[in-house]
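See structure below.
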Amino acid sequence: MALHISATNPEHPALLLELPWQLPLEEWPEEYLVPLPRGISRHVVRYARAGDEVIAVKELAERPALREYELLRDLDRLGIPAVDALGVVTGRADTDGEPLEPVLITRHLGGSMPYRSMFETTMRPATMHRLMDALAVLLVRLHLAGFAWGDCSLSNTLFRRDAGAYAAYLVDAETGELHARLSDGQRDYDLDLARVNISGELLDLEASGALHPSVDPIDFGTEICARYQGLWKELTRTSVYPAGKYHYIERRIRRLNDLGFDVAEMQIDHSSNGDTVTFVPKVVDAGHHQRQLLRLTGLDAEENQARRLLNDLESWMATQDDYAPGDPLPSSRLRSSGGHPHAARPEVLAHRWVREVFRPTVRAVPPELRGGMDPAEIYHQLLEHRWYLSERAQHDIGLDTAVKDYVDNILPRARKTLEPPAPE
């Protein structure tokens, strides 16, 4: 059988052909590989370079490779945080004509880390809690989309910094199933697997001495269930309000917005006697602040990063002469400035903020000191550092001063650590 590559319009298709498909992944020469940390996998996985892009290549049988490829593409269409599927290579054979396993190709998630690499130094319990929050949010988003993971674990997840928190991405969909809607039993099964897997992974870390002594592996495995259940209840519960109290519904929607979710579809029913109103959010979409930031500025960021950037944007807008005074503009509900004769639209001000504040500030941080941080995370770190220095000085020290101190004193010490740089 001849070599066959099924690909989703990769940027460098010719370069994919130049990779040594005639060799088992374990034997690929160093010249093709990128030395990035890898998590534990039941399959052989290697990172390679294709032009300017880094790809992850995983060997597995043809049927599961094609199935996972399609599932990852489905998750991308649904807007679920997961690695991007680039292609499947079948018909591989070595120089003697012996068949080799097909491979699945995905795009490397820039700035991400597998959990074991994050434990190269003992991780603080507070950071562990942030990882659990990220994983609970990911599992809820998968279940809202009708995806049963079948193997939720730290090992099958990649984590990226997200403004003091973490964002979790699915990296292995081999055992997944996509349905129109999940039953409670399917969700409970996924959650029970997550509890067992996470506890087992943390027990392994404890045995190797890489787990903080205050962290109980069993308790943390159970905690993922509690965090999931609390978020799921808030996103899906039915609310009954007195008739006429329609602001209660708006308050519930705002609370969901604050959690980072939009209500895309809702059901509102009046009781037969007219005394009460029942409100059910039928379809809930994650990424509320991401969408707001993208619409206003064109910047694509993680959810918490977007929330932080919107807050800074709102503060900056209030200092501009052509900003329409009046009611505060919550970052999650920026709206046009009506009535003010010389006021600029929020979209115009937002793009000016990107051009005059955001981009120059990020560019002031030398690329060699940025590590795996993307521009939104760098800006968040600079805002945090400005707050810290201002608190110490008891007055606002300004962003330029904060950038200089951050570059001179914080990044050189923190660039090789796995946790976001923070003042001591």
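Order determines the names: the first chain of the structure tokens is A, the second B, and so forth; residues in each chain are numbered 1 upward, and ligands are numbered 1 upward as they are shown.
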
Can you pull out every residue within 12 Å of A:Pro366, counting only C-alpha atoms, but drop anything in the same chain fewer than 2 positions away, and send it as a short mmCIF file (atom, residue, chain, number, x, y, z; two decimals) with N, CA, C and O atoms, in the first residue's frame?
data_model
loop_
_atom_site.label_atom_id
_atom_site.label_comp_id
_atom_site.auth_asym_id
_atom_site.auth_seq_id
_atom_site.Cartn_x
_atom_site.Cartn_y
_atom_site.Cartn_z
N PRO A 360 2.57 48.22 22.26
CA PRO A 360 3.86 48.75 22.71
C PRO A 360 4.34 48.15 24.03
O PRO A 360 5.54 47.94 24.23
N THR A 361 3.39 47.87 24.92
CA THR A 361 3.76 47.30 26.22
C THR A 361 4.33 45.90 26.06
O THR A 361 5.36 45.55 26.63
N VAL A 362 3.67 45.08 25.27
CA VAL A 362 4.14 43.71 25.05
C VAL A 362 5.49 43.71 24.33
O VAL A 362 6.38 42.93 24.66
N ARG A 363 5.64 44.59 23.35
CA ARG A 363 6.89 44.65 22.59
C ARG A 363 8.07 45.08 23.45
O ARG A 363 9.23 44.83 23.10
N ALA A 364 7.79 45.74 24.59
CA ALA A 364 8.87 46.17 25.47
C ALA A 364 9.51 45.00 26.22
O ALA A 364 10.57 45.16 26.82
N GLU A 368 13.31 36.92 23.95
CA GLU A 368 14.10 35.85 24.58
C GLU A 368 13.76 35.66 26.04
O GLU A 368 14.14 34.65 26.66
N LEU A 369 13.03 36.61 26.65
CA LEU A 369 12.66 36.48 28.06
C LEU A 369 11.21 36.04 28.25
O LEU A 369 10.77 35.85 29.39
N ARG A 370 10.48 35.87 27.18
CA ARG A 370 9.04 35.59 27.30
C ARG A 370 8.73 34.13 27.62
O ARG A 370 7.65 33.82 28.12
N GLY A 371 9.64 33.23 27.33
CA GLY A 371 9.36 31.82 27.58
C GLY A 371 8.17 31.37 26.75
O GLY A 371 8.05 31.67 25.57
N MET A 373 5.06 32.30 27.32
CA MET A 373 3.92 33.18 27.51
C MET A 373 3.49 33.85 26.21
O MET A 373 4.33 34.36 25.47
N PRO A 375 1.20 36.91 24.18
CA PRO A 375 1.08 38.35 24.48
C PRO A 375 0.06 38.69 25.56
O PRO A 375 0.31 39.56 26.40
N ILE A 378 1.55 37.87 28.93
CA ILE A 378 2.59 38.85 29.26
C ILE A 378 1.95 40.13 29.79
O ILE A 378 2.36 40.68 30.82
N VAL A 403 7.00 47.89 33.55
CA VAL A 403 7.60 47.06 32.51
C VAL A 403 9.11 46.97 32.71
O VAL A 403 9.70 45.88 32.64
N LYS A 404 9.74 48.10 32.97
CA LYS A 404 11.20 48.10 33.14
C LYS A 404 11.62 47.25 34.34
O LYS A 404 12.55 46.44 34.25
N TYR A 406 9.94 44.81 35.71
CA TYR A 406 9.59 43.41 35.42
C TYR A 406 10.66 42.75 34.55
O TYR A 406 11.10 41.63 34.80
N VAL A 407 11.09 43.49 33.51
CA VAL A 407 12.11 42.95 32.60
C VAL A 407 13.46 42.83 33.29
O VAL A 407 14.19 41.85 33.10
N ASP A 408 13.80 43.81 34.14
CA ASP A 408 15.12 43.82 34.78
C ASP A 408 15.23 42.85 35.95
O ASP A 408 16.28 42.23 36.15
N LEU A 411 11.66 38.72 35.23
CA LEU A 411 11.80 37.71 34.18
C LEU A 411 13.13 36.96 34.19
O LEU A 411 13.14 35.75 33.96
N PRO A 412 14.27 37.63 34.43
CA PRO A 412 15.52 36.87 34.44
C PRO A 412 15.53 35.74 35.46
O PRO A 412 16.16 34.71 35.25
N ARG A 415 12.22 33.01 34.17
CA ARG A 415 12.01 32.51 32.81
C ARG A 415 12.11 31.01 32.70
O ARG A 415 11.51 30.40 31.81
#

*Residue contacts of A:Leu60 (10 Å, only C-alpha atoms) excluding same-chain residues fewer than 2 positions away, as number ranges by chain*: A: 42-45, 57-58, 62-66, 100-104, 174

Using N, CA, C and O atoms, can you export the residues from the last selection as a PDB file, in the first residue's frame?
ATOM      1  N   ARG A  42       0.005   5.929  26.066  1.00  0.00           N
ATOM      2  CA  ARG A  42       0.067   4.496  25.755  1.00  0.00           C
ATOM      3  C   ARG A  42       0.679   4.259  24.376  1.00  0.00           C
ATOM      4  O   ARG A  42       0.954   3.134  24.011  1.00  0.00           O
ATOM      5  N   HIS A  43       0.856   5.347  23.624  1.00  0.00           N
ATOM      6  CA  HIS A  43       1.423   5.256  22.273  1.00  0.00           C
ATOM      7  C   HIS A  43       2.741   6.027  22.214  1.00  0.00           C
ATOM      8  O   HIS A  43       3.037   6.852  23.073  1.00  0.00           O
ATOM      9  N   VAL A  44       3.516   5.750  21.174  1.00  0.00           N
ATOM     10  CA  VAL A  44       4.738   6.515  20.929  1.00  0.00           C
ATOM     11  C   VAL A  44       4.354   7.876  20.347  1.00  0.00           C
ATOM     12  O   VAL A  44       3.597   7.951  19.375  1.00  0.00           O
ATOM     13  N   VAL A  45       4.858   8.949  20.967  1.00  0.00           N
ATOM     14  CA  VAL A  45       4.553  10.309  20.529  1.00  0.00           C
ATOM     15  C   VAL A  45       5.866  11.071  20.364  1.00  0.00           C
ATOM     16  O   VAL A  45       6.765  10.974  21.203  1.00  0.00           O
ATOM     17  N   VAL A  57       3.215  13.951  16.613  1.00  0.00           N
ATOM     18  CA  VAL A  57       2.976  12.770  15.779  1.00  0.00           C
ATOM     19  C   VAL A  57       2.800  11.572  16.702  1.00  0.00           C
ATOM     20  O   VAL A  57       3.669  11.281  17.538  1.00  0.00           O
ATOM     21  N   LYS A  58       1.677  10.869  16.594  1.00  0.00           N
ATOM     22  CA  LYS A  58       1.368   9.740  17.478  1.00  0.00           C
ATOM     23  C   LYS A  58       1.091   8.495  16.650  1.00  0.00           C
ATOM     24  O   LYS A  58       0.261   8.519  15.735  1.00  0.00           O
ATOM     25  N   GLU A  62      -4.833   2.134  12.436  1.00  0.00           N
ATOM     26  CA  GLU A  62      -5.504   2.999  11.466  1.00  0.00           C
ATOM     27  C   GLU A  62      -6.910   3.401  11.891  1.00  0.00           C
ATOM     28  O   GLU A  62      -7.273   4.583  11.823  1.00  0.00           O
ATOM     29  N   ARG A  63      -7.690   2.434  12.332  1.00  0.00           N
ATOM     30  CA  ARG A  63      -9.080   2.763  12.665  1.00  0.00           C
ATOM     31  C   ARG A  63      -9.180   3.776  13.802  1.00  0.00           C
ATOM     32  O   ARG A  63      -9.884   4.786  13.669  1.00  0.00           O
ATOM     33  N   PRO A  64      -8.493   3.558  14.949  1.00  0.00           N
ATOM     34  CA  PRO A  64      -8.559   4.586  15.997  1.00  0.00           C
ATOM     35  C   PRO A  64      -7.924   5.904  15.595  1.00  0.00           C
ATOM     36  O   PRO A  64      -8.349   6.971  16.060  1.00  0.00           O
ATOM     37  N   ALA A  65      -6.911   5.868  14.717  1.00  0.00           N
ATOM     38  CA  ALA A  65      -6.298   7.114  14.260  1.00  0.00           C
ATOM     39  C   ALA A  65      -7.308   7.957  13.477  1.00  0.00           C
ATOM     40  O   ALA A  65      -7.450   9.168  13.705  1.00  0.00           O
ATOM     41  N   LEU A  66      -8.016   7.311  12.544  1.00  0.00           N
ATOM     42  CA  LEU A  66      -9.012   8.030  11.752  1.00  0.00           C
ATOM     43  C   LEU A  66     -10.180   8.499  12.613  1.00  0.00           C
ATOM     44  O   LEU A  66     -10.710   9.606  12.417  1.00  0.00           O
ATOM     45  N   LEU A 100       4.307  -0.279   8.783  1.00  0.00           N
ATOM     46  CA  LEU A 100       4.445   0.464  10.038  1.00  0.00           C
ATOM     47  C   LEU A 100       3.080   1.018  10.430  1.00  0.00           C
ATOM     48  O   LEU A 100       2.210   1.225   9.591  1.00  0.00           O
ATOM     49  N   GLU A 101       2.909   1.269  11.722  1.00  0.00           N
ATOM     50  CA  GLU A 101       1.635   1.797  12.191  1.00  0.00           C
ATOM     51  C   GLU A 101       1.363   3.181  11.607  1.00  0.00           C
ATOM     52  O   GLU A 101       2.283   3.982  11.424  1.00  0.00           O
ATOM     53  N   PRO A 102       0.104   3.462  11.305  1.00  0.00           N
ATOM     54  CA  PRO A 102      -0.262   4.824  10.893  1.00  0.00           C
ATOM     55  C   PRO A 102       0.026   5.818  12.018  1.00  0.00           C
ATOM     56  O   PRO A 102       0.286   5.432  13.167  1.00  0.00           O
ATOM     57  N   VAL A 103      -0.028   7.098  11.684  1.00  0.00           N
ATOM     58  CA  VAL A 103       0.183   8.132  12.692  1.00  0.00           C
ATOM     59  C   VAL A 103      -0.910   9.188  12.587  1.00  0.00           C
ATOM     60  O   VAL A 103      -1.444   9.459  11.510  1.00  0.00           O
ATOM     61  N   LEU A 104      -1.230   9.777  13.732  1.00  0.00           N
ATOM     62  CA  LEU A 104      -2.120  10.931  13.816  1.00  0.00           C
ATOM     63  C   LEU A 104      -1.256  12.164  14.029  1.00  0.00           C
ATOM     64  O   LEU A 104      -0.362  12.163  14.887  1.00  0.00           O
ATOM     65  N   GLU A 174      -9.132   9.563  21.912  1.00  0.00           N
ATOM     66  CA  GLU A 174      -9.216   8.205  21.377  1.00  0.00           C
ATOM     67  C   GLU A 174     -10.414   7.430  21.909  1.00  0.00           C
ATOM     68  O   GLU A 174     -11.032   6.639  21.201  1.00  0.00           O
TER      69      GLU A 174
END

If you take only C-alpha atoms and a cut-off of 6 Å, which residues of stretch 209-292 of chain A touch stretch 118-140 of chain A, and what are their nearest atom pairs and distances in Å to one decimal, in chain and number order, as a Markdown table?
| residue | atom | partner | partner_atom | distance |
| --- | --- | --- | --- | --- |
| A:Ala210 | CA | A:Thr122 | CA | 5.4 |
| A:Leu211 | CA | A:Thr122 | CA | 5.9 |
| A:His212 | CA | A:Thr122 | CA | 5.8 |
| A:Ile224 | CA | A:Met132 | CA | 5.8 |
| A:Tyr228 | CA | A:Ala136 | CA | 5.0 |

Resulting file, chosen residues, all heavy atoms, as a PDB file, in the first residue's frame:
ATOM      1  N   ALA A 210       7.413  13.972  44.242  1.00  0.00           N
ATOM      2  CA  ALA A 210       7.154  15.211  43.514  1.00  0.00           C
ATOM      3  C   ALA A 210       5.875  15.909  43.949  1.00  0.00           C
ATOM      4  O   ALA A 210       5.517  16.944  43.395  1.00  0.00           O
ATOM      5  CB  ALA A 210       7.083  14.937  42.013  1.00  0.00           C
ATOM      6  N   LEU A 211       5.179  15.357  44.950  1.00  0.00           N
ATOM      7  CA  LEU A 211       3.913  15.930  45.396  1.00  0.00           C
ATOM      8  C   LEU A 211       4.121  16.653  46.722  1.00  0.00           C
ATOM      9  O   LEU A 211       4.811  16.148  47.617  1.00  0.00           O
ATOM     10  CB  LEU A 211       2.858  14.837  45.548  1.00  0.00           C
ATOM     11  CG  LEU A 211       1.402  15.283  45.667  1.00  0.00           C
ATOM     12  CD1 LEU A 211       0.948  15.968  44.385  1.00  0.00           C
ATOM     13  CD2 LEU A 211       0.487  14.093  45.975  1.00  0.00           C
ATOM     14  N   HIS A 212       3.519  17.842  46.841  1.00  0.00           N
ATOM     15  CA  HIS A 212       3.616  18.601  48.080  1.00  0.00           C
ATOM     16  C   HIS A 212       3.039  17.774  49.221  1.00  0.00           C
ATOM     17  O   HIS A 212       1.988  17.134  49.071  1.00  0.00           O
ATOM     18  CB  HIS A 212       2.849  19.924  47.944  1.00  0.00           C
ATOM     19  CG  HIS A 212       3.163  20.926  48.995  1.00  0.00           C
ATOM     20  ND1 HIS A 212       2.642  20.862  50.262  1.00  0.00           N
ATOM     21  CD2 HIS A 212       3.986  22.016  48.976  1.00  0.00           C
ATOM     22  CE1 HIS A 212       3.091  21.886  50.971  1.00  0.00           C
ATOM     23  NE2 HIS A 212       3.913  22.592  50.220  1.00  0.00           N
ATOM     24  N   ILE A 224     -12.276  17.081  42.204  1.00  0.00           N
ATOM     25  CA  ILE A 224     -12.675  17.357  40.826  1.00  0.00           C
ATOM     26  C   ILE A 224     -14.176  17.133  40.665  1.00  0.00           C
ATOM     27  O   ILE A 224     -14.857  17.860  39.943  1.00  0.00           O
ATOM     28  CB  ILE A 224     -11.874  16.486  39.824  1.00  0.00           C
ATOM     29  CG1 ILE A 224     -12.204  16.869  38.372  1.00  0.00           C
ATOM     30  CG2 ILE A 224     -12.153  15.007  40.009  1.00  0.00           C
ATOM     31  CD1 ILE A 224     -11.716  18.208  37.953  1.00  0.00           C
ATOM     32  N   TYR A 228     -16.809  20.078  39.612  1.00  0.00           N
ATOM     33  CA  TYR A 228     -17.634  19.835  38.434  1.00  0.00           C
ATOM     34  C   TYR A 228     -19.116  19.984  38.775  1.00  0.00           C
ATOM     35  O   TYR A 228     -19.861  20.666  38.063  1.00  0.00           O
ATOM     36  CB  TYR A 228     -17.349  18.441  37.885  1.00  0.00           C
ATOM     37  CG  TYR A 228     -18.309  17.990  36.805  1.00  0.00           C
ATOM     38  CD1 TYR A 228     -17.996  18.139  35.461  1.00  0.00           C
ATOM     39  CD2 TYR A 228     -19.538  17.411  37.127  1.00  0.00           C
ATOM     40  CE1 TYR A 228     -18.873  17.735  34.465  1.00  0.00           C
ATOM     41  CE2 TYR A 228     -20.426  17.000  36.147  1.00  0.00           C
ATOM     42  CZ  TYR A 228     -20.093  17.168  34.818  1.00  0.00           C
ATOM     43  OH  TYR A 228     -20.981  16.768  33.849  1.00  0.00           O
TER      44      TYR A 228
END

*If we count only C-alpha atoms, what is near A:Glu177 at a cut-off of 9 Å, once residues fewer than 6 positions away on the same chain are taken out, given as a count of residues only?*
6

Closest pair table for stretch 272-325 of chain A residues within 10 Å of stretch 78-85 of chain A, only C-alpha atoms, as a tab-separated table:
residue	atom	partner	partner_atom	distance
A:Asp285	CA	A:Gly79	CA	9.0
A:Ala286	CA	A:Gly79	CA	8.7
A:Gly287	CA	A:Gly79	CA	9.1

*Report the distance between atom CA of A:Ala301 and atom CA of A:Arg227 in Å, rounded to one decimal place.*
23.7 Å

*Skipping near chain neighbours, those fewer than 2 positions away, what residues fall within 12 Å of A:Asn197 using only C-alpha atoms, listed as a PyMOL selection string?*
chain A and resi 150-156+190-195+199-204+217-218+220-222+224

_Å distance separating atom CA of A:Glu302 from atom CA of A:Gln267, one decimal place_ = 29.1 Å
